[in-house]
file coords36.txt (compact mmCIF, C-alpha atoms and all ligand atoms)
# COMPACT_ATOMS: atom_id res chain seq x y z
CA MET R 14 152.80 67.80 -115.32
CA PHE R 15 156.56 68.12 -115.40
CA TYR R 16 159.04 65.32 -116.01
CA TYR R 17 162.33 64.78 -114.16
CA ASP R 18 165.19 62.70 -115.57
CA ALA R 19 167.20 61.61 -112.53
CA HIS R 20 170.10 60.25 -114.59
CA ASN R 21 171.30 60.75 -118.15
CA HIS R 22 174.48 61.40 -120.13
CA LEU R 23 173.67 64.24 -122.53
CA CYS R 24 177.39 64.92 -123.04
CA ASP R 25 178.24 61.35 -124.02
CA PRO R 26 180.33 61.46 -127.24
CA ARG R 27 177.74 59.22 -128.97
CA LEU R 28 175.17 62.02 -128.66
CA GLU R 29 177.51 64.80 -129.78
CA SER R 30 176.31 64.99 -133.38
CA PHE R 31 172.67 65.12 -132.25
CA GLN R 32 173.15 67.47 -129.33
CA GLY R 33 171.69 70.64 -130.90
CA ASP R 34 168.48 68.87 -131.93
CA LEU R 35 168.20 67.01 -128.63
CA LEU R 36 168.59 70.15 -126.54
CA GLU R 37 165.99 71.95 -128.62
CA ALA R 38 163.56 69.02 -128.27
CA LEU R 39 164.17 68.76 -124.53
CA SER R 40 163.70 72.48 -124.07
CA ARG R 41 160.27 72.28 -125.77
CA PHE R 42 159.28 69.25 -123.67
CA PRO R 43 157.90 69.72 -120.13
CA LEU R 44 161.16 68.51 -118.64
CA ARG R 45 161.67 70.41 -115.43
CA ALA R 46 165.11 69.07 -114.57
CA ALA R 47 167.65 66.48 -115.66
CA VAL R 48 170.76 65.29 -113.85
CA VAL R 49 173.50 65.10 -116.50
CA ASN R 50 176.21 62.67 -115.42
CA SER R 51 179.84 62.32 -116.39
CA SER R 52 181.68 59.06 -116.94
CA GLY R 53 185.09 60.66 -116.69
CA GLU R 54 187.00 63.90 -116.57
CA GLU R 55 186.82 64.47 -120.33
CA GLU R 56 183.08 65.25 -120.02
CA TRP R 57 183.31 67.66 -117.08
CA GLY R 58 183.89 70.79 -119.17
CA ALA R 59 180.96 70.14 -121.54
CA ILE R 60 178.58 69.31 -118.67
CA SER R 61 179.61 72.39 -116.76
CA LYS R 62 178.91 74.56 -119.83
CA LEU R 63 175.56 72.86 -120.42
CA ALA R 64 174.52 73.56 -116.82
CA ASP R 65 175.55 77.21 -117.22
CA THR R 66 173.40 77.50 -120.35
CA PHE R 67 170.27 75.54 -119.41
CA SER R 68 168.84 76.03 -115.95
CA TRP R 69 167.04 72.66 -116.14
CA VAL R 70 170.44 70.90 -116.26
CA ILE R 71 171.83 69.70 -112.92
CA PRO R 72 175.45 68.68 -113.46
CA ALA R 73 176.93 65.55 -111.88
CA PHE R 74 180.72 65.30 -111.82
CA GLY R 75 182.72 62.20 -111.01
CA ILE R 76 184.67 59.18 -112.22
CA HIS R 77 182.69 56.10 -113.28
CA PRO R 78 183.98 52.76 -111.94
CA TRP R 79 184.83 51.67 -115.52
CA ASN R 80 187.27 54.58 -115.66
CA ALA R 81 188.79 54.16 -112.20
CA GLY R 82 192.55 54.38 -112.53
CA GLN R 83 192.44 55.90 -116.00
CA SER R 84 192.34 59.55 -115.03
CA LEU R 85 195.37 61.76 -115.38
CA SER R 86 197.14 62.57 -112.14
CA GLY R 87 195.67 65.54 -110.32
CA TRP R 88 192.05 64.59 -111.08
CA ARG R 89 191.10 64.82 -107.42
CA GLU R 90 192.27 68.43 -107.16
CA ARG R 91 190.56 69.28 -110.44
CA LEU R 92 187.31 67.71 -109.22
CA ILE R 93 187.47 69.75 -106.00
CA ARG R 94 188.08 72.94 -108.00
CA LEU R 95 185.14 72.14 -110.27
CA LEU R 96 182.82 71.53 -107.31
CA ASP R 97 184.05 74.81 -105.81
CA SER R 98 183.22 76.66 -108.98
CA HIS R 99 179.85 75.14 -109.77
CA PRO R 100 176.99 76.08 -107.44
CA LYS R 101 174.64 73.46 -108.92
CA ALA R 102 177.12 70.59 -108.74
CA THR R 103 176.16 67.10 -107.65
CA MET R 104 178.32 63.99 -107.86
CA GLY R 105 178.05 61.17 -110.40
CA GLU R 106 178.44 58.74 -111.80
CA ILE R 107 180.47 56.84 -109.24
CA GLY R 108 180.26 53.30 -107.88
CA LEU R 109 181.28 49.67 -108.17
CA ASP R 110 181.10 47.19 -111.06
CA ARG R 111 182.08 43.53 -111.13
CA TRP R 112 180.24 42.96 -114.43
CA ILE R 113 182.80 44.71 -116.63
CA GLN R 114 185.67 42.51 -117.80
CA ASN R 115 189.11 42.93 -116.22
CA HIS R 116 187.80 45.03 -113.34
CA ASP R 117 190.06 46.02 -110.47
CA ILE R 118 187.56 46.12 -107.63
CA ALA R 119 190.10 47.39 -105.07
CA LEU R 120 190.93 50.36 -107.28
CA GLN R 121 187.23 50.97 -107.95
CA ARG R 122 186.56 50.92 -104.21
CA ASP R 123 189.33 53.45 -103.48
CA THR R 124 188.07 55.78 -106.19
CA PHE R 125 184.45 55.37 -105.05
CA GLU R 126 185.15 55.89 -101.34
CA TRP R 127 187.22 59.00 -101.94
CA GLN R 128 184.48 60.57 -104.05
CA LEU R 129 181.77 59.47 -101.65
CA SER R 130 183.52 61.10 -98.71
CA LEU R 131 183.96 64.32 -100.69
CA ALA R 132 180.22 64.29 -101.45
CA ALA R 133 179.44 63.64 -97.76
CA GLN R 134 181.61 66.58 -96.65
CA ARG R 135 179.72 68.86 -99.01
CA SER R 136 176.27 67.27 -98.70
CA LEU R 137 176.13 66.63 -102.42
CA PRO R 138 173.55 64.20 -103.78
CA VAL R 139 175.36 61.25 -105.36
CA SER R 140 174.40 59.12 -108.37
CA ILE R 141 175.67 55.59 -107.82
CA HIS R 142 176.26 52.88 -110.41
CA CYS R 143 176.38 49.29 -109.22
CA LEU R 144 176.50 46.03 -111.16
CA LYS R 145 177.11 42.66 -109.54
CA ALA R 146 178.64 44.23 -106.42
CA TRP R 147 175.62 44.77 -104.17
CA GLY R 148 177.07 43.22 -100.99
CA LEU R 149 180.23 45.26 -101.32
CA LEU R 150 178.23 48.41 -102.04
CA LEU R 151 176.22 47.91 -98.85
CA GLU R 152 179.43 47.38 -96.88
CA VAL R 153 180.95 50.59 -98.29
CA LEU R 154 177.79 52.61 -97.63
CA GLN R 155 177.55 51.28 -94.08
CA SER R 156 181.16 52.07 -93.28
CA ASN R 157 181.47 55.57 -94.74
CA ALA R 158 179.95 58.96 -94.07
CA LEU R 159 177.11 59.61 -96.50
CA PRO R 160 175.62 62.84 -97.82
CA GLN R 161 172.76 64.05 -95.63
CA CYS R 162 170.41 64.54 -98.55
CA GLY R 163 170.74 60.89 -99.65
CA PHE R 164 171.92 59.16 -102.79
CA LEU R 165 170.54 57.62 -105.97
CA LEU R 166 170.98 53.97 -106.93
CA HIS R 167 170.48 54.59 -110.60
CA SER R 168 168.76 51.98 -112.77
CA TYR R 169 168.56 49.75 -109.69
CA SER R 170 169.20 46.12 -110.62
CA GLY R 171 169.84 44.81 -107.11
CA PRO R 172 167.71 42.31 -105.20
CA GLU R 173 164.40 43.08 -103.57
CA GLU R 174 165.78 41.88 -100.21
CA MET R 175 168.29 44.74 -100.07
CA ILE R 176 165.82 47.56 -100.72
CA SER R 177 165.07 48.20 -97.06
CA GLN R 178 168.75 48.28 -96.02
CA PHE R 179 169.58 50.76 -98.79
CA THR R 180 166.45 52.80 -97.99
CA LYS R 181 167.52 53.13 -94.34
CA LEU R 182 170.85 54.55 -95.51
CA GLY R 183 169.12 57.21 -97.63
CA ALA R 184 168.73 55.54 -101.03
CA TYR R 185 166.45 56.60 -103.86
CA PHE R 186 165.93 54.15 -106.75
CA SER R 187 165.47 55.15 -110.38
CA PHE R 188 163.61 53.21 -113.05
CA SER R 189 164.93 53.21 -116.61
CA PRO R 190 163.07 52.36 -119.84
CA TYR R 191 165.34 49.32 -120.21
CA PHE R 192 163.28 47.57 -117.51
CA LEU R 193 160.35 47.48 -119.94
CA HIS R 194 161.99 44.66 -121.90
CA GLU R 195 160.09 41.42 -121.29
CA ARG R 196 163.19 39.65 -119.98
CA LYS R 197 163.43 42.33 -117.27
CA VAL R 198 160.06 41.55 -115.73
CA ALA R 199 161.63 40.45 -112.42
CA GLN R 200 163.45 43.78 -112.05
CA ARG R 201 160.30 45.65 -113.00
CA ASP R 202 158.61 43.78 -110.17
CA VAL R 203 161.30 44.91 -107.71
CA PHE R 204 160.16 48.47 -108.45
CA THR R 205 156.70 47.64 -107.10
CA LYS R 206 158.28 46.93 -103.68
CA ILE R 207 160.00 50.29 -103.21
CA THR R 208 158.11 52.87 -101.15
CA MET R 209 156.63 55.69 -103.22
CA ASP R 210 158.74 58.32 -101.47
CA ARG R 211 161.98 56.78 -102.83
CA LEU R 212 161.05 56.32 -106.50
CA LEU R 213 162.68 58.28 -109.30
CA VAL R 214 162.71 57.91 -113.09
CA GLU R 215 165.60 58.15 -115.52
CA THR R 216 166.61 57.49 -119.13
CA ASP R 217 170.37 56.87 -118.73
CA ALA R 218 170.40 58.13 -122.36
CA PRO R 219 172.14 57.20 -124.61
CA ASP R 220 172.04 53.76 -122.92
CA MET R 221 169.15 51.68 -121.55
CA TRP R 222 166.78 52.04 -124.50
CA PRO R 223 163.25 50.62 -124.25
CA PRO R 224 161.98 47.65 -126.29
CA GLU R 225 161.31 48.47 -129.90
CA GLU R 226 157.52 48.39 -129.59
CA ARG R 227 157.60 51.01 -126.82
CA ASN R 228 160.40 53.16 -128.21
CA ALA R 229 158.70 56.48 -128.89
CA HIS R 230 161.90 58.17 -130.07
CA PRO R 231 164.14 55.75 -131.98
CA LEU R 232 167.70 56.92 -132.44
CA CYS R 233 170.79 55.26 -133.91
CA GLU R 234 174.45 56.09 -133.63
CA ARG R 235 175.80 57.75 -136.77
CA GLY R 236 178.28 55.50 -138.52
CA THR R 237 177.63 52.27 -136.62
CA GLY R 238 173.80 52.24 -136.67
CA LYS R 239 173.79 50.95 -133.08
CA PRO R 240 170.68 51.84 -131.08
CA LEU R 241 170.80 54.76 -128.69
CA ASN R 242 168.31 55.80 -126.07
CA HIS R 243 166.75 59.17 -126.85
CA PRO R 244 166.42 61.36 -123.72
CA LEU R 245 162.77 62.06 -124.59
CA ASN R 246 162.10 58.42 -123.71
CA ILE R 247 161.76 59.74 -120.18
CA GLU R 248 158.00 59.74 -120.92
CA VAL R 249 158.23 56.03 -121.85
CA ALA R 250 159.93 55.30 -118.51
CA TYR R 251 157.27 57.23 -116.56
CA ALA R 252 154.48 55.39 -118.43
CA GLY R 253 156.13 52.00 -117.82
CA LEU R 254 156.65 52.57 -114.10
CA ALA R 255 153.13 53.98 -113.66
CA GLU R 256 151.77 50.86 -115.34
CA ALA R 257 153.85 48.56 -113.10
CA ARG R 258 152.64 50.41 -109.99
CA GLY R 259 149.01 50.57 -111.14
CA LEU R 260 149.01 54.37 -111.03
CA SER R 261 148.21 57.14 -113.46
CA VAL R 262 151.26 58.89 -114.91
CA GLU R 263 150.07 62.08 -113.22
CA ALA R 264 149.90 60.46 -109.76
CA LEU R 265 153.36 58.96 -110.23
CA GLY R 266 154.57 62.32 -111.54
CA LYS R 267 153.54 64.08 -108.33
CA SER R 268 155.51 61.69 -106.12
CA VAL R 269 158.54 61.72 -108.40
CA GLU R 270 158.56 65.51 -108.42
CA ALA R 271 158.61 65.68 -104.61
CA ASN R 272 161.24 62.93 -104.39
CA PHE R 273 163.44 64.55 -107.00
CA TRP R 274 163.59 67.87 -105.22
CA ARG R 275 164.10 66.22 -101.83
CA LEU R 276 167.23 64.57 -103.21
CA PHE R 277 168.52 67.05 -105.77
CA GLY R 278 166.87 70.30 -104.68
CA ASN R 279 169.62 71.83 -102.63
CA THR R 280 173.02 70.45 -103.38
CA GLY R 281 174.44 72.06 -100.25
CA ASN R 282 177.63 72.68 -102.22
CA THR R 283 179.52 75.04 -99.99
CA GLY R 284 183.02 74.85 -101.35
CA SER R 285 186.14 73.31 -99.86
CA ASP R 286 186.34 75.87 -97.04
CA GLY R 287 182.86 74.89 -95.88
CA GLU R 288 181.63 78.48 -96.00
CA GLY R 289 178.67 78.76 -98.29
CA SER R 290 176.59 81.67 -99.39
CA ASP R 291 173.10 81.85 -100.80
CA GLU R 292 174.47 82.15 -104.31
CA LYS R 293 176.26 78.86 -103.89
CA GLN R 294 173.13 76.84 -103.24
CA GLY R 295 171.68 74.49 -105.81
CA CYS R 296 168.63 75.28 -107.85
CA GLY R 297 165.77 73.81 -105.84
CA PRO R 298 162.04 74.09 -106.35
CA ALA R 299 161.57 77.10 -104.09
CA LYS R 300 163.88 79.23 -106.20
CA GLU R 301 163.24 77.40 -109.43
CA CYS R 302 163.56 79.52 -111.46
CA GLY R 303 161.80 82.15 -113.52
CA THR R 304 159.69 81.73 -116.61
CA GLU R 305 159.55 78.76 -118.94
CA ASP R 306 161.96 80.52 -121.27
CA GLN R 307 164.37 81.30 -118.49
CA ARG R 308 164.29 77.75 -117.28
CA HIS R 309 165.11 76.55 -120.71
CA GLY R 310 168.07 78.83 -121.10
CA PHE R 311 166.65 81.25 -123.63
CA THR R 312 167.40 84.37 -121.64
ZN ZN J 1 174.78 56.31 -116.29

call {"tool": "encode", "arguments": {"input": "coords36.txt", "output": "structure tokens", "more": "lines below"}}
Ligand SMILES: [Zn+2]
result
Amino acid sequence: MFYYDAHNHLCDPRLESFQGDLLEALSRFPLRAAVVNSSGEEEWGAISKLADTFSWVIPAFGIHPWNAGQSLSGWRERLIRLLDSHPKATMGEIGLDRWIQNHDIALQRDTFEWQLSLAAQRSLPVSIHCLKAWGLLLEVLQSNALPQCGFLLHSYSGPEEMISQFTKLGAYFSFSPYFLHERKVAQRDVFTKITMDRLLVETDAPDMWPPEERNAHPLCERGTGKPLNHPLNIEVAYAGLAEARGLSVEALGKSVEANFWRLFGNTGNTGSDGEGSDEKQGCGPAKECGTEDQRHGFT
């Protein structure tokens, strides 16, 4: 079977010194696709290059709510140009966060809504971050145009009661290895209430590491020794979610594969003039994408 990481941060500065080894390991692993997210503009260039080199990389460009208001002026124009230039582009990580100290939720909302409407215009799948702002997120999603293909609520930590409202709006929900910690049992349980056709799996590497006893690929930040989540822990996340759902990993894998391509298969990125061409479509399963070696960027 193939694995799909719906949300990670391979260009996070904390992974920089490991990146060569990680990319080699991921290219040997049956990872069919990974959505590599940006937190801010400083990562856009590296992610764009990574996506040009490795066909299994789906780039996600955007401004994270923690960085709302910190971008240099002109970021909106630069984001539009980047989306114009990158046929595989999706949008992420964007959203709302009342957990972070000293947040400016009005500024976050402006930044989020602008990016969301850009994604809707272009039918780009969106990766959404939300912490402690679920009511506001629902309000924003209900009052704005949304991308036709849907959106991802990554590492979903919202309440069970809101699943059906988000699902109606087009949500997919991804499970991270962090939910395997014993203290996260309630959230793990929420993932048994989501319909199979909306489930995805992620690592959020280098964050959201699994508990020590399940960590198949321990990794620590050079210098500080702080734990990091290795992107190969995608297999730990699959195993954990399969266990929670009472399924085999293979059965879960089949659903996740179909769900992943339904959301991320064709980005619909047609440029700011709205006139697309075949070359400007995303890399979906139908055209995905040559031999193993080609997929892994060795051509
Ligand atoms: Zn993330």

call {"tool": "atom_distance", "arguments": {"input": "coords36.txt", "atom1": "atom CA of Met209 of chain R", "atom2": "atom CA of Glu226 of chain R"}}
result
27.4 Å

call {"tool": "residues_around", "arguments": {"input": "coords36.txt", "residues": "segment 46-49 of chain R", "least_positions_apart": "5", "cutoff": "10 Å", "atoms": "all atoms listed in the file", "output": "count of residues only"}}
result
44

call {"tool": "axis_aligned_box", "arguments": {"input": "coords36.txt", "around": "segment 46-62 of chain R", "padding_each_side": "6 Å", "output": "JSON"}}
result
{"center_x": 176.1, "center_y": 66.8, "center_z": -117.7, "size_x": 33.9, "size_y": 27.5, "size_z": 19.7}

call {"tool": "closest_residue", "arguments": {"input": "coords36.txt", "among": "R:Asn157, R:Ser51, R:Ser40, R:Gln200", "to": "ligand ZN 1 (chain J)", "atoms": "all atoms listed in the file"}}
result
R:Ser51

call {"tool": "closest_residue", "arguments": {"input": "coords36.txt", "among": "R:Arg45, R:Glu173, R:Asp65, R:Asp110", "to": "Ser98 of chain R", "atoms": "only C-alpha atoms"}}
result
R:Asp65

call {"tool": "residues_around", "arguments": {"input": "coords36.txt", "residues": "Leu120 of chain R", "least_positions_apart": "2", "cutoff": "12 Å", "atoms": "all atoms listed in the file", "output": "mmCIF file with C-alpha atoms, in the coordinates of the input"}}
result
data_model
loop_
_atom_site.group_PDB
_atom_site.id
_atom_site.type_symbol
_atom_site.label_atom_id
_atom_site.label_comp_id
_atom_site.auth_asym_id
_atom_site.auth_seq_id
_atom_site.Cartn_x
_atom_site.Cartn_y
_atom_site.Cartn_z
ATOM 1 C CA ILE R 76 184.670 59.180 -112.220
ATOM 2 C CA HIS R 77 182.690 56.100 -113.280
ATOM 3 C CA PRO R 78 183.980 52.760 -111.940
ATOM 4 C CA TRP R 79 184.830 51.670 -115.520
ATOM 5 C CA ASN R 80 187.270 54.580 -115.660
ATOM 6 C CA ALA R 81 188.790 54.160 -112.200
ATOM 7 C CA GLY R 82 192.550 54.380 -112.530
ATOM 8 C CA GLN R 83 192.440 55.900 -116.000
ATOM 9 C CA GLY R 108 180.260 53.300 -107.880
ATOM 10 C CA LEU R 109 181.280 49.670 -108.170
ATOM 11 C CA ASP R 110 181.100 47.190 -111.060
ATOM 12 C CA ARG R 111 182.080 43.530 -111.130
ATOM 13 C CA ASN R 115 189.110 42.930 -116.220
ATOM 14 C CA HIS R 116 187.800 45.030 -113.340
ATOM 15 C CA ASP R 117 190.060 46.020 -110.470
ATOM 16 C CA ILE R 118 187.560 46.120 -107.630
ATOM 17 C CA ARG R 122 186.560 50.920 -104.210
ATOM 18 C CA ASP R 123 189.330 53.450 -103.480
ATOM 19 C CA THR R 124 188.070 55.780 -106.190
ATOM 20 C CA PHE R 125 184.450 55.370 -105.050
ATOM 21 C CA GLU R 126 185.150 55.890 -101.340
ATOM 22 C CA TRP R 127 187.220 59.000 -101.940
#

call {"tool": "atom_distance", "arguments": {"input": "coords36.txt", "atom1": "atom CA of Leu276 of chain R", "atom2": "atom CA of Leu166 of chain R"}}
result
11.8 Å

call {"tool": "atom_distance", "arguments": {"input": "coords36.txt", "atom1": "atom CA of Val262 of chain R", "atom2": "atom CA of Pro231 of chain R"}}
result
21.6 Å

call {"tool": "closest_residue", "arguments": {"input": "coords36.txt", "among": "R:Ile247, R:Leu213, R:Asn242, R:Glu256", "to": "Val269 of chain R", "atoms": "all atoms listed in the file"}}
result
R:Leu213

call {"tool": "closest_residue", "arguments": {"input": "coords36.txt", "among": "R:Phe31, R:Trp57, R:Trp147, R:Phe186", "to": "Leu92 of chain R", "atoms": "only C-alpha atoms"}}
result
R:Trp57

call {"tool": "closest_residue", "arguments": {"input": "coords36.txt", "among": "R:Ser189, R:Thr205, R:Gln121, R:Ser86", "to": "ligand ZN 1 (chain J)", "atoms": "all atoms listed in the file"}}
result
R:Ser189

call {"tool": "residues_around", "arguments": {"input": "coords36.txt", "residues": "Met14 of chain R", "least_positions_apart": "2", "cutoff": "8 Å", "atoms": "all atoms listed in the file", "output": "list in words"}}
result
Tyr16, Pro43, Glu263, Gly266 and Lys267 of chain R

call {"tool": "residues_around", "arguments": {"input": "coords36.txt", "residues": "Ser30 of chain R", "least_positions_apart": "3", "cutoff": "12 Å", "atoms": "only C-alpha atoms", "output": "list in words"}}
result
Leu23, Cys24, Asp25, Pro26, Arg27, Gly33, Asp34, Leu35, Leu36, Leu232, Cys233, Glu234, Arg235 and Gly236 of chain R

call {"tool": "decode", "arguments": {"input": "coords36.txt", "residues": "segment 54-81 of chain R", "atoms": "N, CA and C atoms", "output": "CSV table (one decimal), in the first residue's frame"}}
result
chain,number,residue,atom,x,y,z
R,54,GLU,N,6.1,33.4,4.7
R,54,GLU,CA,6.7,33.6,3.4
R,54,GLU,C,8.1,33.1,3.3
R,55,GLU,N,8.9,33.1,4.4
R,55,GLU,CA,10.3,32.7,4.3
R,55,GLU,C,10.5,31.2,3.9
R,56,GLU,N,9.4,30.4,3.9
R,56,GLU,CA,9.5,29.0,3.5
R,56,GLU,C,9.0,28.8,2.1
R,57,TRP,N,8.4,29.8,1.5
R,57,TRP,CA,7.8,29.6,0.2
R,57,TRP,C,8.8,29.1,-0.9
R,58,GLY,N,10.0,29.8,-0.9
R,58,GLY,CA,11.0,29.4,-1.9
R,58,GLY,C,11.5,28.0,-1.8
R,59,ALA,N,11.8,27.6,-0.6
R,59,ALA,CA,12.3,26.2,-0.4
R,59,ALA,C,11.2,25.2,-0.7
R,60,ILE,N,10.0,25.4,-0.4
R,60,ILE,CA,8.9,24.5,-0.7
R,60,ILE,C,8.7,24.4,-2.2
R,61,SER,N,8.7,25.5,-2.8
R,61,SER,CA,8.5,25.5,-4.3
R,61,SER,C,9.6,24.7,-4.9
R,62,LYS,N,10.8,24.8,-4.5
R,62,LYS,CA,12.0,24.1,-5.1
R,62,LYS,C,11.8,22.6,-4.8
R,63,LEU,N,11.4,22.3,-3.6
R,63,LEU,CA,11.2,20.9,-3.2
R,63,LEU,C,10.1,20.2,-4.1
R,64,ALA,N,9.0,21.0,-4.4
R,64,ALA,CA,8.0,20.4,-5.2
R,64,ALA,C,8.4,20.3,-6.7
R,65,ASP,N,9.3,21.1,-7.1
R,65,ASP,CA,9.9,21.0,-8.4
R,65,ASP,C,10.8,19.8,-8.6
R,66,THR,N,11.4,19.4,-7.4
R,66,THR,CA,12.4,18.3,-7.5
R,66,THR,C,11.7,16.9,-7.2
R,67,PHE,N,10.8,16.9,-6.3
R,67,PHE,CA,10.2,15.6,-6.0
R,67,PHE,C,8.7,15.6,-6.3
R,68,SER,N,8.3,14.7,-7.2
R,68,SER,CA,6.9,14.8,-7.7
R,68,SER,C,5.9,14.3,-6.6
R,69,TRP,N,6.4,13.7,-5.5
R,69,TRP,CA,5.5,13.3,-4.5
R,69,TRP,C,5.2,14.5,-3.5
R,70,VAL,N,5.9,15.6,-3.7
R,70,VAL,CA,5.6,16.8,-2.9
R,70,VAL,C,4.5,17.7,-3.5
R,71,ILE,N,3.5,17.9,-2.7
R,71,ILE,CA,2.4,18.9,-3.1
R,71,ILE,C,2.6,20.1,-2.2
R,72,PRO,N,3.0,21.2,-2.8
R,72,PRO,CA,3.3,22.4,-2.0
R,72,PRO,C,2.0,23.1,-1.5
R,73,ALA,N,2.1,23.7,-0.3
R,73,ALA,CA,1.0,24.5,0.3
R,73,ALA,C,1.6,25.8,0.7
R,74,PHE,N,1.1,26.9,0.1
R,74,PHE,CA,1.6,28.2,0.4
R,74,PHE,C,0.6,29.0,1.2
R,75,GLY,N,1.1,29.8,2.2
R,75,GLY,CA,0.2,30.6,2.9
R,75,GLY,C,0.8,31.2,4.1
R,76,ILE,N,0.1,32.0,4.9
R,76,ILE,CA,0.5,32.6,6.1
R,76,ILE,C,-0.2,32.0,7.3
R,77,HIS,N,0.5,31.4,8.2
R,77,HIS,CA,0.0,30.8,9.4
R,77,HIS,C,-0.6,31.9,10.3
R,78,PRO,N,-1.7,31.5,11.1
R,78,PRO,CA,-2.2,32.6,12.0
R,78,PRO,C,-1.2,33.1,13.0
R,79,TRP,N,-0.2,32.4,13.4
R,79,TRP,CA,0.8,32.9,14.3
R,79,TRP,C,1.6,34.0,13.7
R,80,ASN,N,1.7,34.0,12.3
R,80,ASN,CA,2.5,34.9,11.6
R,80,ASN,C,1.7,36.0,11.0
R,81,ALA,N,0.4,36.1,11.3
R,81,ALA,CA,-0.5,37.1,10.7
R,81,ALA,C,0.0,38.5,11.1
